[in-house]
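This is target-v4.pdb. It holds PDB, C-alpha atoms (C1' of nucleotides).
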ATOM      1  CA  MET A   1       0.000   0.000   0.000
ATOM      2  CA  PRO A   2       2.521   2.574  -1.025
ATOM      3  CA  GLU A   3       1.370   5.976   0.133
ATOM      4  CA  LEU A   4       3.854   8.516   1.406
ATOM      5  CA  ALA A   5       4.744   6.764   4.655
ATOM      6  CA  GLU A   6       5.086   3.321   3.076
ATOM      7  CA  VAL A   7       7.256   4.807   0.335
ATOM      8  CA  GLU A   8       9.512   6.227   3.039
ATOM      9  CA  PHE A   9       9.751   2.767   4.607
ATOM     10  CA  PHE A  10      10.779   1.206   1.283
ATOM     11  CA  ARG A  11      13.291   3.961   0.560
ATOM     12  CA  LYS A  12      15.028   3.284   3.866
ATOM     13  CA  ARG A  13      15.069  -0.414   3.096
ATOM     14  CA  TRP A  14      17.369   0.205   0.140
ATOM     15  CA  SER A  15      19.614   2.330   2.359
ATOM     16  CA  ALA A  16      21.379  -0.937   3.168
ATOM     17  CA  GLY A  17      23.090  -0.514  -0.194
ATOM     18  CA  ILE A  18      24.355   3.034   0.311
ATOM     19  CA  GLY A  19      28.136   3.207  -0.128
ATOM     20  CA  GLY A  20      28.122  -0.073  -2.024
ATOM     21  CA  CYS A  21      29.323  -0.583  -5.565
ATOM     22  CA  VAL A  22      27.066  -2.108  -8.250
ATOM     23  CA  ASP A  23      28.394  -5.446  -9.527
ATOM     24  CA  ARG A  24      25.701  -6.082 -12.123
ATOM     25  CA  VAL A  25      22.132  -5.191 -12.990
ATOM     26  CA  HIS A  26      19.160  -7.281 -14.041
ATOM     27  CA  VAL A  27      16.229  -5.660 -15.901
ATOM     28  CA  HIS A  28      12.999  -6.868 -17.472
ATOM     29  CA  GLY A  29      13.613  -4.335 -20.213
ATOM     30  CA  THR A  30      10.409  -4.792 -22.156
ATOM     31  CA  LYS A  31       8.138  -3.985 -19.272
ATOM     32  CA  ARG A  32       5.993  -0.886 -19.062
ATOM     33  CA  ILE A  33       7.764  -0.020 -15.800
ATOM     34  CA  PHE A  34      10.544   1.556 -17.897
ATOM     35  CA  ARG A  35       8.237   3.425 -20.293
ATOM     36  CA  GLY A  36      10.050   6.230 -22.058
ATOM     37  CA  GLU A  37      13.504   5.144 -20.849
ATOM     38  CA  ALA A  38      16.421   3.806 -22.872
ATOM     39  CA  VAL A  39      16.451   0.766 -20.607
ATOM     40  CA  GLU A  40      19.047  -1.101 -22.674
ATOM     41  CA  ARG A  41      21.628   1.413 -21.437
ATOM     42  CA  LEU A  42      20.764   0.971 -17.783
ATOM     43  CA  PRO A  43      23.021  -2.011 -16.909
ATOM     44  CA  ALA A  44      26.101  -0.392 -18.470
ATOM     45  CA  VAL A  45      25.426   2.953 -16.790
ATOM     46  CA  LEU A  46      24.899   1.487 -13.332
ATOM     47  CA  THR A  47      27.570  -1.207 -13.285
ATOM     48  CA  ASP A  48      30.532  -0.115 -11.129
ATOM     49  CA  ALA A  49      28.586   2.933  -9.894
ATOM     50  CA  VAL A  50      28.331   3.620  -6.153
ATOM     51  CA  LEU A  51      24.962   4.200  -4.518
ATOM     52  CA  VAL A  52      25.509   7.543  -2.822
ATOM     53  CA  ASP A  53      22.221   8.472  -1.152
ATOM     54  CA  SER A  54      18.468   8.623  -1.555
ATOM     55  CA  GLU A  55      15.598  10.989  -0.972
ATOM     56  CA  ARG A  56      11.807  10.860  -1.019
ATOM     57  CA  LYS A  57       9.313  13.474  -2.110
ATOM     58  CA  ALA A  58       5.684  12.472  -1.650
ATOM     59  CA  LYS A  59       5.412   9.037  -3.312
ATOM     60  CA  GLN A  60       8.498   9.512  -5.487
ATOM     61  CA  MET A  61      12.000   8.313  -4.643
ATOM     62  CA  LEU A  62      15.339   9.370  -6.056
ATOM     63  CA  PHE A  63      18.407   7.170  -5.674
ATOM     64  CA  ARG A  64      21.621   9.006  -6.457
ATOM     65  CA  LEU A  65      24.511   6.975  -7.840
ATOM     66  CA  SER A  66      27.971   8.129  -8.849
ATOM     67  CA  THR A  67      27.075   7.941 -12.559
ATOM     68  CA  ALA A  68      23.323   8.503 -12.720
ATOM     69  CA  THR A  69      20.122   9.047 -10.776
ATOM     70  CA  LEU A  70      17.369   6.484 -10.503
ATOM     71  CA  GLY A  71      13.793   7.654  -9.942
ATOM     72  CA  ILE A  72      11.295   5.124  -8.629
ATOM     73  CA  HIS A  73       7.534   5.320  -8.179
ATOM     74  CA  LEU A  74       5.871   2.254  -6.680
ATOM     75  CA  GLY A  75       2.442   2.618  -8.251
ATOM     76  CA  MET A  76      -0.193   0.528  -6.479
ATOM     77  CA  THR A  77       1.637  -2.719  -5.895
ATOM     78  CA  GLY A  78       5.324  -1.921  -6.149
ATOM     79  CA  GLU A  79       7.817  -2.641  -3.366
ATOM     80  CA  LEU A  80      11.539  -2.459  -2.743
ATOM     81  CA  LEU A  81      13.271  -5.452  -1.216
ATOM     82  CA  VAL A  82      16.748  -6.449  -0.157
ATOM     83  CA  ALA A  83      18.008 -10.024  -0.519
ATOM     84  CA  GLY A  84      21.303 -11.889  -0.628
ATOM     85  CA  ALA A  85      23.696 -11.491  -3.570
ATOM     86  CA  ASP A  86      22.613 -14.913  -4.880
ATOM     87  CA  PHE A  87      19.036 -13.702  -5.382
ATOM     88  CA  VAL A  88      17.269 -15.134  -8.446
ATOM     89  CA  PRO A  89      14.794 -12.651  -9.975
ATOM     90  CA  GLY A  90      11.172 -13.737 -10.224
ATOM     91  CA  LYS A  91       8.566 -12.841 -12.803
ATOM     92  CA  HIS A  92       7.743  -9.487 -11.251
ATOM     93  CA  ASP A  93      11.252  -8.402 -10.260
ATOM     94  CA  HIS A  94      11.754  -5.800 -12.964
ATOM     95  CA  LEU A  95      14.964  -4.254 -11.681
ATOM     96  CA  VAL A  96      17.595  -5.941  -9.516
ATOM     97  CA  ILE A  97      20.791  -4.128  -8.581
ATOM     98  CA  TYR A  98      23.430  -6.565  -7.378
ATOM     99  CA  GLN A  99      26.120  -5.419  -4.991
ATOM    100  CA  ARG A 100      28.784  -7.662  -3.534
ATOM    101  CA  GLU A 101      26.779  -8.490  -0.410
ATOM    102  CA  ARG A 102      23.167  -7.975  -1.433
ATOM    103  CA  ALA A 103      20.581  -7.524  -4.129
ATOM    104  CA  LEU A 104      18.316  -4.457  -4.249
ATOM    105  CA  ILE A 105      15.032  -5.475  -5.840
ATOM    106  CA  PHE A 106      12.159  -3.522  -7.341
ATOM    107  CA  ARG A 107       9.091  -5.765  -7.586
ATOM    108  CA  ASP A 108       5.722  -4.780  -9.053
ATOM    109  CA  PRO A 109       3.126  -7.351 -10.196
ATOM    110  CA  ARG A 110       0.707  -4.830 -11.698
ATOM    111  CA  LEU A 111       3.245  -2.700 -13.553
ATOM    112  CA  PHE A 112       1.718   0.599 -12.434
ATOM    113  CA  GLY A 113       5.051   1.634 -10.967
ATOM    114  CA  ARG A 114       7.747   3.448 -12.859
ATOM    115  CA  VAL A 115      11.539   3.535 -13.024
ATOM    116  CA  ARG A 116      13.359   6.416 -14.675
ATOM    117  CA  PHE A 117      17.046   7.134 -14.908
ATOM    118  CA  THR A 118      19.088  10.140 -15.870
ATOM    119  CA  LEU A 119      22.785  10.205 -16.696
ATOM    120  CA  GLY A 120      25.014  12.344 -14.520
ATOM    121  CA  THR A 121      24.806  13.397 -10.894
ATOM    122  CA  ASP A 122      22.487  16.397 -11.232
ATOM    123  CA  ASP A 123      18.967  15.894  -9.925
ATOM    124  CA  PRO A 124      16.642  15.357 -12.909
ATOM    125  CA  ALA A 125      14.246  18.066 -14.062
ATOM    126  CA  TRP A 126      11.106  16.093 -13.124
ATOM    127  CA  TRP A 127      12.398  15.785  -9.547
ATOM    128  CA  LYS A 128      13.073  19.505  -9.188
ATOM    129  CA  VAL A 129       9.515  20.482 -10.090
ATOM    130  CA  LEU A 130       7.736  18.160  -7.643
ATOM    131  CA  PRO A 131       5.531  20.070  -5.182
ATOM    132  CA  GLU A 132       6.821  20.711  -1.678
ATOM    133  CA  GLU A 133       6.003  18.271   1.095
ATOM    134  CA  LEU A 134       2.927  18.727   3.271
ATOM    135  CA  THR A 135       5.273  18.932   6.242
ATOM    136  CA  ALA A 136       7.003  21.977   4.696
ATOM    137  CA  ARG A 137       6.335  25.504   5.895
ATOM    138  CA  SER A 138       4.979  26.431   2.478
ATOM    139  CA  PHE A 139       1.890  24.297   3.128
ATOM    140  CA  THR A 140      -0.173  26.817   5.054
ATOM    141  CA  LYS A 141      -3.824  27.153   5.989
ATOM    142  CA  ALA A 142      -4.090  29.942   3.402
ATOM    143  CA  ARG A 143      -2.762  27.596   0.744
ATOM    144  CA  LEU A 144      -5.311  24.954   1.759
ATOM    145  CA  ARG A 145      -8.131  27.512   1.597
ATOM    146  CA  GLU A 146      -7.044  28.567  -1.886
ATOM    147  CA  VAL A 147      -6.988  24.970  -3.165
ATOM    148  CA  LEU A 148     -10.409  24.181  -1.666
ATOM    149  CA  GLN A 149     -11.921  27.225  -3.289
ATOM    150  CA  ARG A 150     -10.289  26.589  -6.634
ATOM    151  CA  ARG A 151     -11.666  23.035  -6.697
ATOM    152  CA  GLY A 152     -14.869  24.101  -4.969
ATOM    153  CA  LYS A 153     -17.286  21.758  -6.736
ATOM    154  CA  ALA A 154     -15.195  18.621  -6.394
ATOM    155  CA  PRO A 155     -15.701  16.314  -3.386
ATOM    156  CA  LEU A 156     -13.195  16.717  -0.555
ATOM    157  CA  LYS A 157     -12.005  13.147  -1.054
ATOM    158  CA  ALA A 158     -11.167  13.772  -4.721
ATOM    159  CA  VAL A 159      -9.297  16.977  -3.914
ATOM    160  CA  LEU A 160      -7.200  15.323  -1.183
ATOM    161  CA  LEU A 161      -6.041  12.781  -3.769
ATOM    162  CA  MET A 162      -4.738  15.452  -6.167
ATOM    163  CA  GLN A 163      -0.970  15.025  -5.961
ATOM    164  CA  GLU A 164      -0.184  18.524  -7.205
ATOM    165  CA  PHE A 165      -1.870  19.940  -4.090
ATOM    166  CA  PHE A 166      -1.513  17.154  -1.538
ATOM    167  CA  PRO A 167       1.642  15.275  -2.509
ATOM    168  CA  GLY A 168       1.843  11.842  -0.945
ATOM    169  CA  ILE A 169      -1.768  11.524   0.193
ATOM    170  CA  GLY A 170      -3.333   8.265  -1.002
ATOM    171  CA  ASN A 171      -6.634   6.539  -0.551
ATOM    172  CA  TRP A 172      -6.364   5.368   3.039
ATOM    173  CA  MET A 173      -4.734   8.587   4.248
ATOM    174  CA  ALA A 174      -7.500  10.661   2.657
ATOM    175  CA  ASP A 175     -10.137   8.517   4.417
ATOM    176  CA  GLU A 176      -8.246   8.836   7.697
ATOM    177  CA  ILE A 177      -8.018  12.635   7.449
ATOM    178  CA  LEU A 178     -11.718  13.007   6.612
ATOM    179  CA  TRP A 179     -12.789  10.652   9.397
ATOM    180  CA  ARG A 180     -10.685  12.425  12.034
ATOM    181  CA  GLY A 181     -11.936  15.801  10.877
ATOM    182  CA  GLY A 182     -15.580  14.714  10.741
ATOM    183  CA  PHE A 183     -16.010  15.487   7.050
ATOM    184  CA  LEU A 184     -18.211  13.424   4.758
ATOM    185  CA  PRO A 185     -16.037  12.438   1.768
ATOM    186  CA  ASP A 186     -18.481  13.813  -0.823
ATOM    187  CA  ARG A 187     -18.676  17.215   0.842
ATOM    188  CA  ARG A 188     -18.079  19.923  -1.796
ATOM    189  CA  SER A 189     -14.663  21.426  -1.156
ATOM    190  CA  GLY A 190     -15.858  24.997  -1.555
ATOM    191  CA  THR A 191     -18.406  24.764   1.272
ATOM    192  CA  LEU A 192     -16.045  24.561   4.256
ATOM    193  CA  THR A 193     -16.219  27.298   6.869
ATOM    194  CA  GLU A 194     -13.104  28.965   8.225
ATOM    195  CA  LEU A 195     -13.249  26.763  11.338
ATOM    196  CA  GLU A 196     -13.579  23.630   9.215
ATOM    197  CA  ILE A 197     -10.631  24.627   7.035
ATOM    198  CA  ALA A 198      -8.556  25.006  10.193
ATOM    199  CA  ARG A 199      -9.665  21.559  11.349
ATOM    200  CA  LEU A 200      -8.900  19.951   7.999
ATOM    201  CA  TYR A 201      -5.494  21.613   7.941
ATOM    202  CA  ARG A 202      -4.677  20.282  11.398
ATOM    203  CA  GLU A 203      -5.732  16.721  10.501
ATOM    204  CA  ILE A 204      -3.728  16.693   7.250
ATOM    205  CA  ARG A 205      -0.578  17.709   9.148
ATOM    206  CA  GLU A 206      -1.258  15.247  11.965
ATOM    207  CA  VAL A 207      -1.975  12.231   9.758
ATOM    208  CA  VAL A 208       1.092  12.896   7.601
ATOM    209  CA  LYS A 209       3.330  13.440  10.624
ATOM    210  CA  ILE A 210       2.161  10.407  12.594
ATOM    211  CA  SER A 211       2.153   8.129   9.532
ATOM    212  CA  LEU A 212       5.742   9.015   8.756
ATOM    213  CA  LYS A 213       6.701   8.435  12.360
ATOM    214  CA  THR A 214       4.961   5.079  12.804
ATOM    215  CA  ILE A 215       5.094   3.575   9.306
ATOM    216  CA  GLY A 216       7.957   5.424   7.636
ATOM    217  CA  ASN A 217      10.350   4.779  10.502
ATOM    218  CA  SER A 218       9.573   1.094  10.959
ATOM    219  CA  THR A 219      12.686  -1.023  10.966
ATOM    220  CA  GLY A 220      11.211  -4.539  10.916
ATOM    221  CA  GLU A 221      10.572  -6.921   8.054
ATOM    222  CA  THR A 222       7.350  -5.112   7.189
ATOM    223  CA  PHE A 223       6.251  -1.578   7.962
ATOM    224  CA  GLY A 224       4.511  -0.944  11.253
ATOM    225  CA  ASP A 225       0.916   0.127  11.704
ATOM    226  CA  PRO A 226      -0.345   3.592  12.563
ATOM    227  CA  PRO A 227      -1.615   4.033  16.148
ATOM    228  CA  ARG A 228      -4.500   2.011  17.564
ATOM    229  CA  GLY A 229      -7.805   3.768  17.203
ATOM    230  CA  TRP A 230      -7.155   4.881  13.625
ATOM    231  CA  LEU A 231      -9.667   4.150  10.878
ATOM    232  CA  PHE A 232      -6.765   2.489   9.027
ATOM    233  CA  HIS A 233      -7.243  -0.725  11.007
ATOM    234  CA  GLU A 234     -10.896  -1.030  10.067
ATOM    235  CA  ARG A 235     -11.201   0.241   6.526
ATOM    236  CA  TRP A 236     -10.030  -2.806   4.574
ATOM    237  CA  THR A 237     -13.005  -5.123   4.983
ATOM    238  CA  ALA A 238     -16.784  -4.857   4.642
ATOM    239  CA  LYS A 239     -17.079  -5.711   8.356
ATOM    240  CA  GLY A 240     -14.942  -2.746   9.418
ATOM    241  CA  CYS A 241     -16.406  -0.583  12.190
ATOM    242  CA  CYS A 242     -15.863   2.990  13.310
ATOM    243  CA  PRO A 243     -13.212   2.941  16.078
ATOM    244  CA  LYS A 244     -15.198   5.554  18.016
ATOM    245  CA  HIS A 245     -18.800   4.379  17.613
ATOM    246  CA  GLY A 246     -18.545   0.716  16.664
ATOM    247  CA  VAL A 247     -21.015   1.108  13.787
ATOM    248  CA  THR A 248     -20.281  -0.545  10.455
ATOM    249  CA  LEU A 249     -18.490   1.800   8.080
ATOM    250  CA  ASN A 250     -20.262   3.057   4.975
ATOM    251  CA  THR A 251     -18.725   2.319   1.588
ATOM    252  CA  ALA A 252     -19.037   4.170  -1.718
ATOM    253  CA  THR A 253     -16.929   5.300  -4.633
ATOM    254  CA  VAL A 254     -15.980   8.951  -4.228
ATOM    255  CA  GLY A 255     -13.467  10.651  -6.471
ATOM    256  CA  GLY A 256     -13.188   7.370  -8.339
ATOM    257  CA  ARG A 257     -11.876   5.499  -5.316
ATOM    258  CA  THR A 258     -13.344   3.181  -2.729
ATOM    259  CA  THR A 259     -14.124   5.326   0.264
ATOM    260  CA  ARG A 260     -15.118   4.309   3.791
ATOM    261  CA  TRP A 261     -16.573   6.533   6.443
ATOM    262  CA  CYS A 262     -18.611   6.605   9.665
ATOM    263  CA  GLY A 263     -22.178   7.889   9.398
ATOM    264  CA  ILE A 264     -22.009   9.298  12.937
ATOM    265  CA  CYS A 265     -18.541  10.917  12.926
ATOM    266  CA  GLN A 266     -18.939  12.359   9.437
ATOM    267  CA  PRO A 267     -22.447  13.767   9.210
ATOM    268  CA  ILE A 268     -22.460  16.650   6.741
ATOM    269  CA  GLY A 269     -22.412  15.912   2.997
ATOM    270  CA  LYS A 270     -22.492  17.804  -0.265
ATOM    271  CA  LEU A 271     -24.246  21.081   0.700
ATOM    272  CA  MET A 272     -24.371  22.127  -2.965
TER     273      MET A 272
ATOM    274  C1'  DT B   1     -15.482 -17.430 -13.134
ATOM    275  C1'  DC B   2     -16.127 -12.954 -11.547
ATOM    276  C1'  DT B   3     -15.147  -8.730  -9.024
ATOM    277  C1'  DC B   4     -12.221  -5.655  -6.814
ATOM    278  C1'  DG B   5      -8.254  -2.679  -6.040
ATOM    279  C1'  DT B   6      -3.322   1.033  -1.932
ATOM    280  C1'  DG B   7      -1.942   5.174  -8.317
ATOM    281  C1'  DT B   8      -1.563   7.961 -12.311
ATOM    282  C1'  DT B   9      -2.508   9.378 -16.964
ATOM    283  C1'  DT B  10      -5.486  10.170 -20.689
ATOM    284  C1'  DC B  11      -9.899  10.561 -22.623
ATOM    285  C1'  DT B  12     -14.688  12.239 -22.435
ATOM    286  C1'  DT B  13     -18.237  15.131 -20.946
ATOM    287  C1'  DG B  14     -20.327  19.321 -19.438
TER     288       DG B  14
ATOM    289  C1'  DT C   1     -10.642  26.529 -22.044
ATOM    290  C1'  DC C   2     -11.361  24.520 -17.748
ATOM    291  C1'  DA C   3     -13.072  21.270 -14.237
ATOM    292  C1'  DA C   4     -14.764  16.858 -12.992
ATOM    293  C1'  DG C   5     -15.604  12.154 -13.823
ATOM    294  C1'  DA C   6     -14.666   7.814 -16.259
ATOM    295  C1'  DA C   7     -11.716   4.627 -18.333
ATOM    296  C1'  DA C   8      -7.501   2.408 -18.996
ATOM    297  C1'  DC C   9      -3.313   0.267 -17.579
ATOM    298  C1'  DA C  10      -2.098  -5.435 -15.618
ATOM    299  C1'  DC C  11      -2.416  -8.852 -12.407
ATOM    300  C1'  DG C  12      -3.294 -11.361  -8.042
ATOM    301  C1'  DA C  13      -6.431 -12.167  -4.240
ATOM    302  C1'  DG C  14     -10.715 -13.452  -2.500
TER     303       DG C  14
END
Can you turn what I pasted into structure tokens?
Amino acid sequence: MPELAEVEFFRKRWSAGIGGCVDRVHVHGTKRIFRGEAVERLPAVLTDAVLVDSERKAKQMLFRLSTATLGIHLGMTGELLVAGADFVPGKHDHLVIYQRERALIFRDPRLFGRVRFTLGTDDPAWWKVLPEELTARSFTKARLREVLQRRGKAPLKAVLLMQEFFPGIGNWMADEILWRGGFLPDRRSGTLTELEIARLYREIREVVKISLKTIGNSTGETFGDPPRGWLFHERWTAKGCCPKHGVTLNTATVGGRTTRWCGICQPIGKLM
DNA sequence: TCTCGTGTTTCTTG
DNA sequence: TCAAGAAACACGAG
């Protein structure tokens, strides 16, 4: 479930390879994962390069090597893994970077993810133009108000999923934010009062911050869960209940995505 | 066998 | 021309 915090977890997983030299590279070159890239050049470019560092912006990752940069987006089902140097790639292991002591693996069964690479050590142009993080100072209440008004007729849920405004927010995080704030997902974005905008702003910051802390910083085999009492733990099955009221969650498609909410916590809908 | 889905891009509609 | 919604992408899980 790669939303911003899970992406952070996967990025750190590959940190095991920082400082290491690339022995060889395996690619499934014909796959859509590499769309638009001259993938046939990738093994030659990366072999003998050193993995220098990595960074995440929203759901995007950039791995900097001594000869090139590697941009990775996990799509819906992508993941990064680390295995021993004798790792044998499976059907869905589209990129494997072998170092002396380990293999860094990018796996994605549904091929919605993307790998891009750029020669040289400068950060690529697409990376430089990504919007600033929601944890940055530039994300202010005034900025939120402006976005909500600009997309005034769209449901709140749909607007929260727009990456140009809310980089890193995905389906479960949007549901979590709306549930905590008491907003019905199909509420028109332009109808929020000043007090409600303040509440939404606070919940966006909180959910991002706590998710990064609990999921993004996990060090185990799999990423950890967000705190008990979050909607997260209930929203995956039809039997899921509101953590506060115990009532079965409602389900509908809002903004093109499966959305779950509590009829008691989140009472006020469209209003337009 | 059928339906669903954690993301993004492109197409269609209004 | 713009905003919003739908469809498409590809595959495994239930």
Considering all atoms listed in the file, return as a CSV table (one decimal) with C-alpha atoms (C1' of nucleotides), in the frame of the given file whatever protein or nucleic-acid residues lie within 12 Å of Ala174 of chain A, sequence-local ones (same chain, fewer than 2 positions apart) excluded.
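File out03.csv, as written:
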chain,number,residue,atom,x,y,z
A,3,GLU,CA,1.4,6.0,0.1
A,4,LEU,CA,3.9,8.5,1.4
A,155,PRO,CA,-15.7,16.3,-3.4
A,156,LEU,CA,-13.2,16.7,-0.6
A,157,LYS,CA,-12.0,13.1,-1.1
A,158,ALA,CA,-11.2,13.8,-4.7
A,159,VAL,CA,-9.3,17.0,-3.9
A,160,LEU,CA,-7.2,15.3,-1.2
A,161,LEU,CA,-6.0,12.8,-3.8
A,162,MET,CA,-4.7,15.5,-6.2
A,163,GLN,CA,-1.0,15.0,-6.0
A,166,PHE,CA,-1.5,17.2,-1.5
A,167,PRO,CA,1.6,15.3,-2.5
A,168,GLY,CA,1.8,11.8,-0.9
A,169,ILE,CA,-1.8,11.5,0.2
A,170,GLY,CA,-3.3,8.3,-1.0
A,171,ASN,CA,-6.6,6.5,-0.6
A,172,TRP,CA,-6.4,5.4,3.0
A,176,GLU,CA,-8.2,8.8,7.7
A,177,ILE,CA,-8.0,12.6,7.4
A,178,LEU,CA,-11.7,13.0,6.6
A,179,TRP,CA,-12.8,10.7,9.4
A,180,ARG,CA,-10.7,12.4,12.0
A,181,GLY,CA,-11.9,15.8,10.9
A,183,PHE,CA,-16.0,15.5,7.0
A,184,LEU,CA,-18.2,13.4,4.8
A,185,PRO,CA,-16.0,12.4,1.8
A,186,ASP,CA,-18.5,13.8,-0.8
A,200,LEU,CA,-8.9,20.0,8.0
A,203,GLU,CA,-5.7,16.7,10.5
A,204,ILE,CA,-3.7,16.7,7.2
A,205,ARG,CA,-0.6,17.7,9.1
A,207,VAL,CA,-2.0,12.2,9.8
A,208,VAL,CA,1.1,12.9,7.6
A,231,LEU,CA,-9.7,4.2,10.9
A,232,PHE,CA,-6.8,2.5,9.0
A,235,ARG,CA,-11.2,0.2,6.5
A,254,VAL,CA,-16.0,9.0,-4.2
A,255,GLY,CA,-13.5,10.7,-6.5
A,257,ARG,CA,-11.9,5.5,-5.3
A,258,THR,CA,-13.3,3.2,-2.7
A,259,THR,CA,-14.1,5.3,0.3
A,260,ARG,CA,-15.1,4.3,3.8
A,261,TRP,CA,-16.6,6.5,6.4
B,6,DT,C1',-3.3,1.0,-1.9
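Near chain A, the residues of chain B that fall inside 10 Å (using only C-alpha atoms (C1' of nucleotides)) are DC4, DG5, DT6, DG7 and DT8 of chain B.
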Could you save the residues just selected, with C-alpha atoms (C1' of nucleotides), as a short mmCIF file (atom, residue, chain, number, x, y, z; two decimals), in the coordinates of the input?
data_model
loop_
_atom_site.label_atom_id
_atom_site.label_comp_id
_atom_site.auth_asym_id
_atom_site.auth_seq_id
_atom_site.Cartn_x
_atom_site.Cartn_y
_atom_site.Cartn_z
"C1'" DC B 4 -12.22 -5.66 -6.81
"C1'" DG B 5 -8.25 -2.68 -6.04
"C1'" DT B 6 -3.32 1.03 -1.93
"C1'" DG B 7 -1.94 5.17 -8.32
"C1'" DT B 8 -1.56 7.96 -12.31
#
Explicit residues for the PyMOL selection byres ((chain A) within 7 of (chain C)) (as a ChimeraX atom specification): /A:109-111,154
Length of the atom CA of Ala5 of chain A to atom CA of Gly216 of chain A vector [Å]: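 Here the two named atoms are 4.6 Å from each other.
Going from atom CA of Gly120 of chain A to atom CA of Lys31 of chain A covers 24.0 Å.
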Atomic distance atom CA of Leu95 of chain A - atom CA of Val25 of chain A, expressed in Å with one decimal: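 Taking atom CA of Leu95 of chain A and atom CA of Val25 of chain A, their separation equals 7.3 Å.
Shortest separation to Ile97 of chain A among A:Glu194, A:Glu146, A:Asp122, A:Asp48 occurs at residue A:Asp48, atoms counted being all atoms listed in the file.
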